[in-house]
>>> print(open('input.txt').read())   # compact mmCIF, C-alpha atoms
# COMPACT_ATOMS: atom_id res chain seq x y z
CA MET A 1 -23.50 -1.99 4.39
CA VAL A 2 -20.84 0.69 4.68
CA LEU A 3 -18.43 -1.57 2.83
CA VAL A 4 -20.99 -2.05 0.04
CA VAL A 5 -21.47 1.71 -0.30
CA VAL A 6 -17.73 2.27 -0.35
CA PHE A 7 -17.32 -0.38 -3.05
CA GLY A 8 -20.12 1.17 -5.13
CA VAL A 9 -18.62 4.64 -4.92
CA ALA A 10 -15.15 3.31 -5.76
CA LEU A 11 -16.59 1.39 -8.72
CA LEU A 12 -18.39 4.48 -10.01
CA ILE A 13 -15.24 6.60 -9.77
CA ALA A 14 -13.17 3.87 -11.45
CA VAL A 15 -15.62 3.61 -14.36
CA LEU A 16 -15.75 7.38 -14.82
CA LEU A 17 -11.96 7.60 -14.82
CA SER A 18 -11.34 4.41 -16.81
CA GLY A 19 -11.04 6.30 -20.10
CA LEU A 20 -8.29 8.47 -18.66
CA ALA A 21 -6.66 5.45 -17.02
CA ALA A 22 -6.55 3.62 -20.34
CA ARG A 23 -4.35 6.32 -21.86
CA THR A 24 -2.13 7.29 -18.92
CA VAL A 25 -0.21 5.89 -15.98
CA LEU A 26 -3.36 6.20 -13.89
CA SER A 27 -4.67 2.73 -13.01
CA THR A 28 -8.11 1.59 -11.88
CA SER A 29 -6.39 -1.12 -9.84
CA LEU A 30 -4.44 1.57 -8.04
CA LEU A 31 -7.63 3.56 -7.47
CA PHE A 32 -9.23 0.67 -5.59
CA LEU A 33 -6.07 -0.01 -3.63
CA VAL A 34 -5.80 3.63 -2.55
CA GLY A 35 -9.56 3.81 -1.95
CA GLY A 36 -9.40 0.85 0.40
CA ALA A 37 -6.53 2.43 2.30
CA LEU A 38 -8.34 5.77 2.65
CA VAL A 39 -11.52 4.29 4.17
CA SER A 40 -9.65 1.96 6.53
CA ASP A 41 -8.86 2.45 10.21
CA GLY A 42 -5.58 4.09 9.26
CA PHE A 43 -7.31 7.11 7.71
CA LEU A 44 -11.08 7.76 7.61
CA GLY A 45 -12.07 4.73 9.68
CA LEU A 46 -15.22 3.93 7.66
CA ILE A 47 -14.55 0.21 7.51
CA HIS A 48 -12.81 -2.03 10.03
CA ILE A 49 -10.94 -4.95 8.52
CA THR A 50 -8.07 -6.97 9.92
CA PRO A 51 -5.92 -9.62 8.18
CA ASP A 52 -7.73 -12.39 10.06
CA SER A 53 -11.20 -11.17 8.98
CA GLU A 54 -12.99 -13.86 7.00
CA ILE A 55 -14.01 -11.40 4.27
CA VAL A 56 -10.33 -10.85 3.44
CA SER A 57 -9.50 -14.48 2.69
CA VAL A 58 -12.85 -15.24 1.02
CA THR A 59 -12.71 -12.22 -1.30
CA ALA A 60 -9.10 -12.83 -2.31
CA ASP A 61 -9.87 -16.52 -2.91
CA LEU A 62 -12.89 -15.75 -5.12
CA ALA A 63 -11.00 -13.09 -7.06
CA LEU A 64 -8.07 -15.40 -7.76
CA PHE A 65 -10.42 -18.19 -8.88
CA ALA A 66 -12.36 -15.86 -11.21
CA VAL A 67 -9.23 -14.35 -12.73
CA LEU A 68 -7.62 -17.74 -13.34
CA PHE A 69 -10.84 -19.11 -14.88
CA THR A 70 -10.97 -16.28 -17.42
CA ASP A 71 -7.20 -16.44 -17.97
CA GLY A 72 -7.48 -20.12 -18.79
CA MET A 73 -10.03 -19.30 -21.49
CA HIS A 74 -7.35 -17.31 -23.32
CA VAL A 75 -5.06 -20.33 -23.64
CA SER A 76 -4.79 -21.91 -27.07
CA PHE A 77 -3.58 -25.51 -26.90
CA ALA A 78 -2.62 -25.42 -30.56
CA LYS A 79 -0.37 -22.40 -30.06
CA LEU A 80 0.90 -23.77 -26.78
CA ARG A 81 2.03 -27.00 -28.47
CA GLU A 82 3.98 -24.91 -30.94
CA ASN A 83 5.47 -22.54 -28.37
CA TRP A 84 5.70 -24.45 -25.08
CA ARG A 85 9.42 -23.94 -24.59
CA ASN A 86 9.26 -20.30 -23.52
CA PRO A 87 6.66 -20.77 -20.76
CA ALA A 88 8.52 -23.92 -19.69
CA ARG A 89 11.71 -21.92 -19.32
CA ALA A 90 9.95 -19.26 -17.27
CA LEU A 91 8.32 -21.85 -15.00
CA GLY A 92 11.16 -24.34 -14.80
CA LEU A 93 14.08 -21.94 -14.45
CA GLY A 94 12.85 -18.37 -13.97
CA MET A 95 10.42 -19.14 -11.14
CA PRO A 96 12.89 -21.23 -9.06
CA LEU A 97 15.55 -18.54 -9.51
CA ALA A 98 13.12 -15.87 -8.28
CA PHE A 99 12.12 -18.13 -5.39
CA VAL A 100 15.71 -18.68 -4.25
CA GLY A 101 16.75 -15.09 -4.91
CA MET A 102 13.93 -13.71 -2.77
CA ALA A 103 14.74 -16.17 0.00
CA LEU A 104 18.39 -15.09 0.05
CA VAL A 105 17.49 -11.41 0.15
CA THR A 106 14.90 -11.97 2.90
CA HIS A 107 17.35 -13.91 5.05
CA PHE A 108 20.41 -11.68 4.71
CA VAL A 109 18.65 -8.30 4.51
CA MET A 110 15.76 -8.82 6.93
CA GLY A 111 17.30 -11.44 9.15
CA LEU A 112 14.42 -13.93 9.04
CA ASP A 113 15.27 -17.59 9.57
CA TRP A 114 15.91 -19.75 6.52
CA THR A 115 12.56 -21.56 6.55
CA THR A 116 10.54 -18.35 6.79
CA SER A 117 12.77 -16.70 4.17
CA PHE A 118 12.12 -19.51 1.69
CA LEU A 119 8.43 -19.26 2.58
CA VAL A 120 8.43 -15.57 1.64
CA GLY A 121 10.21 -16.49 -1.60
CA ALA A 122 7.54 -19.08 -2.42
CA VAL A 123 4.69 -16.64 -1.69
CA LEU A 124 6.17 -13.90 -3.88
CA ALA A 125 7.31 -16.17 -6.73
CA PRO A 126 3.92 -16.33 -8.58
CA THR A 127 3.16 -13.52 -11.01
CA ASP A 128 -0.15 -11.99 -12.02
CA PRO A 129 -0.89 -10.42 -15.44
CA VAL A 130 -4.00 -8.64 -14.15
CA PHE A 131 -1.93 -5.58 -13.32
CA ALA A 132 -0.36 -5.50 -16.77
CA SER A 133 -3.44 -5.99 -18.91
CA ALA A 134 -2.39 -3.43 -21.49
CA ILE A 135 0.38 -5.90 -22.31
CA VAL A 136 -1.31 -9.30 -22.14
CA GLY A 137 -4.66 -8.04 -23.39
CA ARG A 138 -3.55 -6.37 -26.62
CA LYS A 139 -3.35 -8.22 -29.93
CA GLU A 140 -0.81 -5.70 -31.22
CA VAL A 141 1.70 -6.95 -28.66
CA PRO A 142 3.60 -10.00 -30.01
CA SER A 143 1.56 -13.13 -29.32
CA LYS A 144 4.52 -15.13 -28.02
CA LEU A 145 5.13 -12.44 -25.38
CA ARG A 146 1.46 -12.35 -24.34
CA GLN A 147 1.35 -16.13 -24.24
CA LEU A 148 4.51 -16.33 -22.14
CA LEU A 149 3.17 -13.96 -19.48
CA ASN A 150 -0.35 -15.44 -19.49
CA VAL A 151 0.63 -19.11 -19.30
CA GLU A 152 3.39 -18.45 -16.77
CA SER A 153 1.09 -16.52 -14.43
CA GLY A 154 -1.75 -18.99 -14.83
CA ILE A 155 0.30 -22.04 -13.92
CA ASN A 156 2.80 -20.70 -11.39
CA ASP A 157 0.07 -20.10 -8.78
CA GLY A 158 -0.65 -23.82 -8.58
CA LEU A 159 3.04 -24.70 -8.62
CA ALA A 160 3.80 -22.38 -5.72
CA LEU A 161 0.94 -23.54 -3.48
CA PRO A 162 2.35 -26.96 -2.42
CA VAL A 163 5.72 -25.34 -1.68
CA VAL A 164 4.00 -22.69 0.45
CA LEU A 165 2.06 -25.31 2.41
CA ILE A 166 5.11 -27.49 3.00
CA LEU A 167 7.20 -24.54 4.20
CA ILE A 168 4.40 -23.35 6.51
CA ALA A 169 4.39 -26.80 8.06
CA ALA A 170 8.18 -26.80 8.35
CA ALA A 171 8.12 -23.38 10.03
CA GLY A 172 6.23 -24.84 13.00
CA PRO A 173 2.63 -23.62 12.56
CA THR A 174 -0.16 -24.04 15.04
CA SER A 175 -2.83 -23.91 12.34
CA GLY A 176 -4.25 -27.21 11.12
CA GLN A 177 -4.34 -25.73 7.62
CA ALA A 178 -0.60 -26.16 7.22
CA GLU A 179 -0.30 -29.71 8.59
CA ALA A 180 -0.93 -31.28 5.21
CA SER A 181 1.54 -33.97 4.23
CA LEU A 182 3.27 -34.00 0.88
CA GLY A 183 0.94 -36.80 -0.24
CA LYS A 184 -2.15 -34.84 0.73
CA ILE A 185 -0.90 -31.75 -1.10
CA ALA A 186 -0.20 -33.82 -4.21
CA LEU A 187 -3.71 -35.29 -3.99
CA GLU A 188 -5.25 -31.81 -3.78
CA LEU A 189 -3.37 -30.73 -6.91
CA VAL A 190 -4.37 -33.85 -8.83
CA LEU A 191 -8.01 -33.47 -7.78
CA GLY A 192 -8.00 -29.85 -8.85
CA LEU A 193 -6.64 -30.79 -12.26
CA VAL A 194 -9.10 -33.67 -12.66
CA PHE A 195 -12.13 -31.58 -11.68
CA GLY A 196 -10.96 -28.74 -13.91
CA VAL A 197 -10.69 -31.03 -16.93
CA VAL A 198 -13.62 -33.42 -16.40
CA LEU A 199 -16.41 -31.02 -15.38
CA PRO A 200 -16.31 -28.68 -18.42
CA PHE A 201 -15.71 -31.66 -20.73
CA VAL A 202 -18.83 -33.46 -19.45
CA VAL A 203 -20.98 -30.32 -19.56
CA ILE A 204 -19.99 -29.48 -23.13
CA GLU A 205 -20.78 -33.05 -24.19
CA LEU A 206 -24.20 -32.78 -22.52
CA VAL A 207 -24.95 -29.62 -24.44
CA ARG A 208 -24.46 -31.52 -27.69
CA PHE A 209 -27.35 -33.88 -26.97
CA ARG A 210 -30.31 -33.16 -29.24
CA LEU A 211 -32.76 -32.50 -26.41
CA LEU A 212 -30.37 -30.29 -24.45
CA GLY A 213 -28.75 -26.93 -25.07
CA ALA A 214 -29.08 -23.33 -23.97
CA GLU A 215 -31.05 -20.67 -25.77
CA PRO A 216 -28.88 -17.76 -26.95
CA LYS A 217 -29.62 -15.34 -24.10
CA LEU A 218 -28.76 -18.00 -21.50
CA GLN A 219 -25.59 -19.31 -23.17
CA PRO A 220 -23.28 -17.04 -21.12
CA LEU A 221 -24.59 -18.70 -17.95
CA LEU A 222 -23.35 -22.16 -18.96
CA PRO A 223 -19.64 -21.48 -18.22
CA LEU A 224 -20.72 -19.51 -15.15
CA ALA A 225 -22.55 -22.59 -13.85
CA ILE A 226 -19.41 -24.66 -14.47
CA GLY A 227 -17.34 -22.16 -12.51
CA VAL A 228 -19.75 -22.05 -9.56
CA ILE A 229 -19.97 -25.85 -9.32
CA LEU A 230 -16.21 -26.20 -9.69
CA TYR A 231 -15.45 -23.62 -6.98
CA ALA A 232 -17.83 -25.26 -4.49
CA THR A 233 -16.66 -28.78 -5.32
CA CYS A 234 -13.01 -27.87 -4.84
CA HIS A 235 -13.67 -26.36 -1.43
CA LEU A 236 -15.82 -29.29 -0.33
CA THR A 237 -13.16 -31.81 -1.34
CA HIS A 238 -10.11 -29.63 -0.54
CA ALA A 239 -9.00 -29.88 -4.17
CA ASN A 240 -6.79 -27.08 -5.46
CA PRO A 241 -9.31 -24.49 -6.79
CA TYR A 242 -6.73 -22.41 -8.64
CA LEU A 243 -5.36 -25.19 -10.78
CA ALA A 244 -8.95 -26.31 -11.36
CA ALA A 245 -10.04 -22.83 -12.45
CA PHE A 246 -7.23 -22.35 -14.96
CA SER A 247 -7.54 -25.83 -16.45
CA ALA A 248 -11.35 -25.54 -16.67
CA GLY A 249 -11.10 -22.29 -18.59
CA ALA A 250 -8.59 -23.81 -21.00
CA VAL A 251 -10.67 -26.98 -21.55
CA LEU A 252 -13.83 -24.95 -22.07
CA THR A 253 -12.16 -22.96 -24.84
CA ALA A 254 -10.70 -26.09 -26.44
CA ARG A 255 -14.03 -27.94 -26.44
CA SER A 256 -16.41 -25.12 -27.31
CA LEU A 257 -15.37 -21.80 -28.82
CA GLU A 258 -19.05 -20.89 -28.95
CA ALA A 259 -19.38 -21.19 -25.17
CA LYS A 260 -16.17 -19.25 -24.66
CA GLU A 261 -17.25 -16.39 -26.91
CA ALA A 262 -20.71 -16.24 -25.34
CA PHE A 263 -19.30 -16.10 -21.83
CA GLU A 264 -16.31 -13.84 -22.43
CA PRO A 265 -17.99 -10.43 -21.91
CA LEU A 266 -19.80 -11.61 -18.76
CA GLY A 267 -16.77 -13.51 -17.47
CA GLU A 268 -14.42 -10.58 -17.90
CA ALA A 269 -16.88 -8.27 -16.13
CA LEU A 270 -17.32 -10.67 -13.20
CA ALA A 271 -13.57 -11.16 -12.91
CA GLU A 272 -13.09 -7.39 -12.88
CA LEU A 273 -15.67 -6.99 -10.12
CA ALA A 274 -14.08 -9.72 -8.01
CA LYS A 275 -10.64 -8.22 -8.59
CA PHE A 276 -11.77 -4.71 -7.62
CA ALA A 277 -13.46 -6.00 -4.47
CA ALA A 278 -10.31 -7.86 -3.45
CA LEU A 279 -8.16 -4.81 -4.13
CA LEU A 280 -10.44 -2.60 -2.05
CA ILE A 281 -10.32 -4.98 0.90
CA PHE A 282 -6.60 -5.58 0.55
CA GLY A 283 -6.09 -1.81 0.43
CA ALA A 284 -7.93 -1.53 3.75
CA LEU A 285 -5.16 -3.63 5.30
CA LEU A 286 -2.49 -1.17 4.13
CA THR A 287 -2.54 1.10 7.15
CA PRO A 288 0.28 3.45 8.18
CA HIS A 289 0.91 1.06 11.07
CA LEU A 290 1.59 -1.79 8.62
CA PHE A 291 4.09 0.26 6.63
CA GLY A 292 5.67 1.47 9.85
CA ASP A 293 6.19 -2.09 11.03
CA LEU A 294 8.43 -2.92 8.08
CA SER A 295 12.11 -2.35 8.78
CA PHE A 296 14.49 -0.44 6.54
CA GLY A 297 15.92 -3.78 5.45
CA GLY A 298 12.40 -4.89 4.56
CA TYR A 299 12.00 -1.96 2.17
CA ILE A 300 15.33 -2.81 0.58
CA ALA A 301 14.07 -6.38 0.09
CA VAL A 302 10.85 -5.10 -1.50
CA ILE A 303 12.73 -2.91 -3.98
CA LEU A 304 15.11 -5.72 -4.86
CA ALA A 305 12.19 -8.11 -5.37
CA ILE A 306 10.60 -5.81 -7.93
CA VAL A 307 13.52 -4.27 -9.81
CA LEU A 308 16.17 -7.00 -9.58
CA ILE A 309 15.10 -10.49 -8.57
CA ARG A 310 12.19 -11.06 -10.98
CA PRO A 311 13.83 -9.26 -13.95
CA ALA A 312 17.17 -11.02 -13.51
CA SER A 313 15.63 -14.48 -13.04
CA LEU A 314 13.47 -14.26 -16.15
CA LEU A 315 16.21 -12.73 -18.30
CA LEU A 316 18.46 -15.65 -17.37
CA SER A 317 15.71 -18.14 -18.23
CA LEU A 318 15.18 -16.54 -21.65
CA ILE A 319 18.82 -16.69 -22.75
CA GLY A 320 18.98 -18.37 -26.14
CA THR A 321 15.33 -17.77 -27.05
CA ARG A 322 14.13 -15.90 -30.12
CA PHE A 323 12.67 -13.01 -28.16
CA THR A 324 14.02 -9.62 -29.12
CA LYS A 325 15.88 -7.61 -26.50
CA GLN A 326 12.84 -5.36 -26.09
CA GLU A 327 10.50 -8.33 -25.58
CA LYS A 328 12.84 -9.90 -23.01
CA LEU A 329 13.00 -6.68 -21.02
CA VAL A 330 9.21 -6.27 -21.06
CA ALA A 331 8.65 -9.88 -19.99
CA ALA A 332 11.27 -9.50 -17.24
CA TRP A 333 9.71 -6.32 -15.87
CA PHE A 334 6.12 -7.58 -15.77
CA GLY A 335 6.29 -9.97 -12.87
CA PRO A 336 3.68 -8.29 -10.66
CA LYS A 337 2.63 -9.86 -7.41
CA GLY A 338 -1.12 -10.40 -7.36
CA PHE A 339 -3.98 -12.33 -5.85
CA ALA A 340 -2.11 -15.59 -5.41
CA SER A 341 0.47 -13.84 -3.26
CA VAL A 342 -2.33 -12.15 -1.28
CA VAL A 343 -4.02 -15.49 -0.59
CA TYR A 344 -0.78 -17.26 0.27
CA GLY A 345 0.35 -14.36 2.45
CA LEU A 346 -2.86 -14.66 4.44
CA LEU A 347 -2.18 -18.38 4.90
CA VAL A 348 1.20 -17.47 6.35
CA LEU A 349 -0.33 -14.96 8.75
CA GLN A 350 -3.16 -17.24 9.86
CA ALA A 351 -0.85 -20.24 10.38
CA GLY A 352 0.65 -18.73 13.52
CA ILE A 353 4.31 -19.42 12.69
CA PRO A 354 6.90 -17.65 14.87
CA GLN A 355 7.90 -14.99 12.31
CA GLY A 356 4.60 -14.99 10.47
CA GLN A 357 3.72 -11.37 11.20
CA GLU A 358 7.07 -10.09 9.90
CA ALA A 359 6.73 -12.26 6.81
CA PHE A 360 3.18 -11.06 6.11
CA THR A 361 4.19 -7.41 6.52
CA LEU A 362 6.96 -7.84 3.96
CA ILE A 363 4.63 -9.70 1.59
CA ALA A 364 1.83 -7.12 1.87
CA VAL A 365 4.11 -4.14 1.27
CA CYS A 366 5.78 -5.90 -1.66
CA ILE A 367 2.38 -6.62 -3.26
CA ALA A 368 1.30 -2.99 -2.77
CA PHE A 369 4.49 -1.62 -4.31
CA SER A 370 4.23 -4.12 -7.17
CA ILE A 371 0.66 -3.09 -7.98
CA ILE A 372 1.70 0.57 -8.04
CA ALA A 373 4.79 -0.05 -10.17
CA HIS A 374 3.38 -2.51 -12.70
CA SER A 375 -0.15 -1.21 -13.16
CA SER A 376 1.25 2.29 -13.71
CA THR A 377 3.76 1.30 -16.38
CA ASP A 378 1.84 -1.10 -18.62
CA VAL A 379 0.41 1.58 -20.93
CA PRO A 380 3.72 3.44 -21.48
CA ILE A 381 5.47 0.15 -22.21
CA ALA A 382 2.66 -1.01 -24.49
CA ARG A 383 3.32 2.14 -26.52
CA LEU A 384 6.72 0.69 -27.38
CA PHE A 385 4.89 -1.87 -29.50
CA HIS A 386 3.03 0.94 -31.31
CA VAL A 387 -0.25 0.22 -29.55
CA ASP A 388 -2.14 3.46 -30.11
CA ASP A 389 -5.63 2.35 -29.10
CA LEU A 390 -5.56 0.83 -25.65
CA ALA A 391 -9.22 0.97 -24.77
CA GLY A 392 -11.23 1.96 -27.79
CA ILE A 393 -11.41 5.50 -26.44
CA PRO A 394 -10.79 8.62 -28.58
CA ASP A 395 -7.36 10.12 -27.92
CA GLY A 396 -8.39 13.65 -28.82
CA ARG A 397 -6.86 13.77 -32.30
CA GLU A 398 -8.81 15.82 -34.80
CA GLY A 399 -8.89 15.85 -38.55
CA THR A 400 -8.39 12.09 -38.89
CA ASP A 401 -10.65 9.09 -39.08
CA ALA A 402 -8.76 7.35 -36.27
CA GLN A 403 -11.72 7.49 -33.94
CA SER A 404 -14.04 5.84 -36.39
CA LYS A 405 -11.62 2.97 -36.82
CA GLU A 406 -11.12 2.20 -33.18
CA SER A 407 -12.26 -1.20 -32.01
CA PRO A 408 -13.81 -1.71 -28.59
CA ALA A 409 -11.70 -3.36 -25.93
CA ASP A 410 -11.69 -3.62 -22.21
CA ALA A 411 -10.34 -0.72 -20.20
CA ARG A 412 -7.10 -1.63 -18.59
CA ALA A 413 -7.07 -2.85 -15.03
>>> encode(input="input.txt", output="C-alpha cells")
Amino acid sequence: MVLVVVFGVALLIAVLLSGLAARTVLSTSLLFLVGGALVSDGFLGLIHITPDSEIVSVTADLALFAVLFTDGMHVSFAKLRENWRNPARALGLGMPLAFVGMALVTHFVMGLDWTTSFLVGAVLAPTDPVFASAIVGRKEVPSKLRQLLNVESGINDGLALPVVLILIAAAGPTSGQAEASLGKIALELVLGLVFGVVLPFVVIELVRFRLLGAEPKLQPLLPLAIGVILYATCHLTHANPYLAAFSAGAVLTARSLEAKEAFEPLGEALAELAKFAALLIFGALLTPHLFGDLSFGGYIAVILAIVLIRPASLLLSLIGTRFTKQEKLVAAWFGPKGFASVVYGLLVLQAGIPQGQEAFTLIAVCIAFSIIAHSSTDVPIARLFHVDDLAGIPDGREGTDAQSKESPADARA
C-alpha cells in the first residue's frame, strides 16, 4: 500500500502544480519521474522495485496500450489520405536512419557488439508524443506537423517490435520470450491489426441495432469495454497489443464520432493515470547506482541520441517537403523516447542476453534524459507558433478579456 500512497501524493502534487506546469518548463511527467526516484531504494527507500519486478513490465505495458488507444482516436483517415507522404517519409526513411545511427554510436562509443548495438538502436528508434503534448495537443500548431508527430509515434512502436524481438533472438537469449521466429512475429502483428480493426467495427455495428445502444451516461464506457476486451484478447493470443490499440482507436473514430467524443474525456484521464503510474515506477528504477553503471561513452551516446541522431535523421527524411524551416526543426527535435522504449528495454533486460544489462542501462538513462529534455521544452517551443493559452489557465494578465475567452484544454503532460 506504500506504493499506492506514494502515487496518490504524487498525483495530488502534480494536479496542484499542473497550472504552473502548463505555462512553464516545469512538467508533470518530470514530477512523477523525479518522485519515483526519490522514494526508491536509491534515496528514501519507501518502495522497493527492481527491473525484473512484474509491476514494472505490467504497468509500462498498460500505459503504452492506453496511450496508443487514445492516440489512435486522434487520427483522421480523411486527412491522412491527403497527407500520407510526410508520415511515410518519417517512418520509411527517418526511423531507419535513427535506428542505424544509434547502432553505430552504441558500437563505436560504448563498445557493445554489433547485434546488441542494433538492438539498442531498435529499442530507441520509436518516438512518443506524450512528452510533447503542448505540441501535438494544440490546434494552433499546424495540423500537418501535429499529424506527422502523432501518426509517426503511433505506428513506429509496432514497426520496431518485430525488429527488437528478432535481434534479441540473434543476441543469444535464454528467455523463451525472444525465441519467436520471423513467421510467428509476423502473425502476432497481423493478429493485432485484425483484432484492432474488427472488434470496434463489430461493436459499433451492434450499437446501431434498434434494440441495442447505450444510454448517454454509459456511452463513455463503450470504447472502454472495447479497450479492455482488446487488451485481454491480445495477451491471450499473443497478438501485438500496441498495433491493436492504435488501430482500434482509429477505427472507432472513423466509425463513430459520437462514441469518440463521449469517451474522449474519460479516455484521456485514464491514459494520463496509466502514464503517471508508469513514470513513477520507471523513476523508481533510476537509482544513483544505475547512473553510476553507465560509462562516460554511454553518456556521450545518450547525448548524441537526443541532440543529433533523431534530429538529423528526421531532417534528412523531410528534405523536399513543404514544411517550413521552423516546422522541420520542431519535428526533428521532438523525438522523445517513451513507453515503447521502456517496454522494449525491459524485454532486453529480461531476455538474459550477454550484454543485456549494459544495453538496458543505456536505454534507461537515455529515456530519462529524453523525458527531461522534451517535456521541459514543449511549452517554450509551442510559443513559437503563437500559442498563448496552453491549458485554459489564466496567465495573470489584467485589464483584458483574455481570461474570459480561454477555452478549456488538458494540462500538458
>>> residues_near_point(input="input.txt", point="(0.7, -0.4, -6.6)", cutoff="9 Å", atoms="all atoms listed in the file", output="ChimeraX atom specification")
/A:27,29-30,33-34,131,366-376
>>> atom_distance(input="input.txt", atom1="CA of Ala259 (chain A)", atom2="CA of Ala340 (chain A)")
26.8 Å
>>> closest_residue(input="input.txt", among="A:Met73, A:Ala245, A:Leu257, A:Ala278", to="Gly35 (chain A)", atoms="all atoms listed in the file")
A:Ala278
>>> atom_distance(input="input.txt", atom1="CA of Leu230 (chain A)", atom2="CA of Leu279 (chain A)")
23.5 Å
>>> atom_distance(input="input.txt", atom1="CA of Gly267 (chain A)", atom2="CA of Ser18 (chain A)")
18.7 Å
>>> residues_around(input="input.txt", residues="region 104-108 of chain A", least_positions_apart="5", cutoff="8 Å", atoms="only C-alpha atoms", output="PyMOL selection string")
chain A and resi 113-114+117-118+120-121+298+301+304
>>> closest_residue(input="input.txt", among="A:Leu314, A:Gly196, A:Val342, A:Leu273", to="Ala10 (chain A)", atoms="all atoms listed in the file")
A:Leu273
>>> closest_residue(input="input.txt", among="A:Leu12, A:Ile204, A:Pro311, A:Gln147", to="Ala125 (chain A)", atoms="all atoms listed in the file")
A:Pro311
>>> closest_residue(input="input.txt", among="A:Phe201, A:Phe360, A:Phe209, A:Phe99", to="Phe291 (chain A)", atoms="all atoms listed in the file")
A:Phe360
>>> residues_near_point(input="input.txt", point="(8.3, -22.7, -25.1)", cutoff="12 Å", atoms="all atoms listed in the file", output="number ranges by chain")
A: 79-92, 144-145, 147-149, 151-152, 317-318, 320-323
>>> closest_residue(input="input.txt", among="A:Thr253, A:Asn150, A:Thr70, A:Thr361", to="Ala331 (chain A)", atoms="all atoms listed in the file")
A:Asn150
>>> residues_around(input="input.txt", residues="Ser153 (chain A)", least_positions_apart="4", cutoff="8 Å", atoms="only C-alpha atoms", output="list of chain:residue names")
A:Pro126, A:Thr127, A:Asp128, A:Pro129, A:Leu149, A:Asp157
>>> residues_around(input="input.txt", residues="Gly283 (chain A)", least_positions_apart="2", cutoff="6 Å", atoms="only C-alpha atoms", output="compact mmCIF listing (two decimals) with C-alpha atoms, in the coordinates of the input")
# COMPACT_ATOMS: atom_id res chain seq x y z
CA LEU A 33 -6.07 -0.01 -3.63
CA GLY A 36 -9.40 0.85 0.40
CA ALA A 37 -6.53 2.43 2.30
CA LEU A 279 -8.16 -4.81 -4.13
CA LEU A 280 -10.44 -2.60 -2.05
CA ILE A 281 -10.32 -4.98 0.90
CA LEU A 285 -5.16 -3.63 5.30
CA LEU A 286 -2.49 -1.17 4.13
>>> closest_residue(input="input.txt", among="A:Pro216, A:Gly94, A:Ser256, A:Gly72", to="Leu316 (chain A)", atoms="all atoms listed in the file")
A:Gly94
>>> decode(input="input.txt", residues="region 110-114 of chain A", atoms="all heavy atoms", output="mmCIF file, in the first residue's frame")
data_model
loop_
_atom_site.group_PDB
_atom_site.id
_atom_site.type_symbol
_atom_site.label_atom_id
_atom_site.label_comp_id
_atom_site.auth_asym_id
_atom_site.auth_seq_id
_atom_site.Cartn_x
_atom_site.Cartn_y
_atom_site.Cartn_z
ATOM 1 N N MET A 110 30.380 2.961 -27.161
ATOM 2 C CA MET A 110 30.259 2.132 -25.960
ATOM 3 C C MET A 110 30.980 0.788 -26.077
ATOM 4 O O MET A 110 31.253 0.140 -25.072
ATOM 5 C CB MET A 110 28.784 1.874 -25.636
ATOM 6 C CG MET A 110 28.104 3.023 -24.919
ATOM 7 S SD MET A 110 26.565 2.480 -24.137
ATOM 8 C CE MET A 110 27.176 1.391 -22.853
ATOM 9 N N GLY A 111 31.239 0.365 -27.289
ATOM 10 C CA GLY A 111 31.955 -0.878 -27.473
ATOM 11 C C GLY A 111 31.109 -2.134 -27.385
ATOM 12 O O GLY A 111 31.644 -3.237 -27.246
ATOM 13 N N LEU A 112 29.779 -2.006 -27.475
ATOM 14 C CA LEU A 112 28.924 -3.192 -27.474
ATOM 15 C C LEU A 112 29.042 -3.900 -28.821
ATOM 16 O O LEU A 112 29.349 -3.280 -29.839
ATOM 17 C CB LEU A 112 27.467 -2.804 -27.203
ATOM 18 C CG LEU A 112 27.164 -2.124 -25.860
ATOM 19 C CD1 LEU A 112 25.667 -1.928 -25.699
ATOM 20 C CD2 LEU A 112 27.726 -2.923 -24.695
ATOM 21 N N ASP A 113 28.771 -5.196 -28.821
ATOM 22 C CA ASP A 113 28.856 -5.942 -30.080
ATOM 23 C C ASP A 113 27.788 -5.451 -31.050
ATOM 24 O O ASP A 113 26.828 -4.775 -30.672
ATOM 25 C CB ASP A 113 28.726 -7.448 -29.832
ATOM 26 C CG ASP A 113 27.374 -7.826 -29.243
ATOM 27 O OD1 ASP A 113 26.365 -7.710 -29.952
ATOM 28 O OD2 ASP A 113 27.336 -8.244 -28.066
ATOM 29 N N TRP A 114 27.938 -5.815 -32.318
ATOM 30 C CA TRP A 114 27.059 -5.269 -33.354
ATOM 31 C C TRP A 114 25.590 -5.643 -33.130
ATOM 32 O O TRP A 114 24.698 -4.799 -33.285
ATOM 33 C CB TRP A 114 27.511 -5.751 -34.731
ATOM 34 C CG TRP A 114 28.638 -4.946 -35.300
ATOM 35 C CD1 TRP A 114 29.919 -5.364 -35.536
ATOM 36 C CD2 TRP A 114 28.583 -3.574 -35.711
ATOM 37 N NE1 TRP A 114 30.664 -4.338 -36.058
ATOM 38 C CE2 TRP A 114 29.869 -3.227 -36.186
ATOM 39 C CE3 TRP A 114 27.586 -2.599 -35.708
ATOM 40 C CZ2 TRP A 114 30.190 -1.958 -36.661
ATOM 41 C CZ3 TRP A 114 27.883 -1.324 -36.180
ATOM 42 C CH2 TRP A 114 29.171 -1.016 -36.649
#
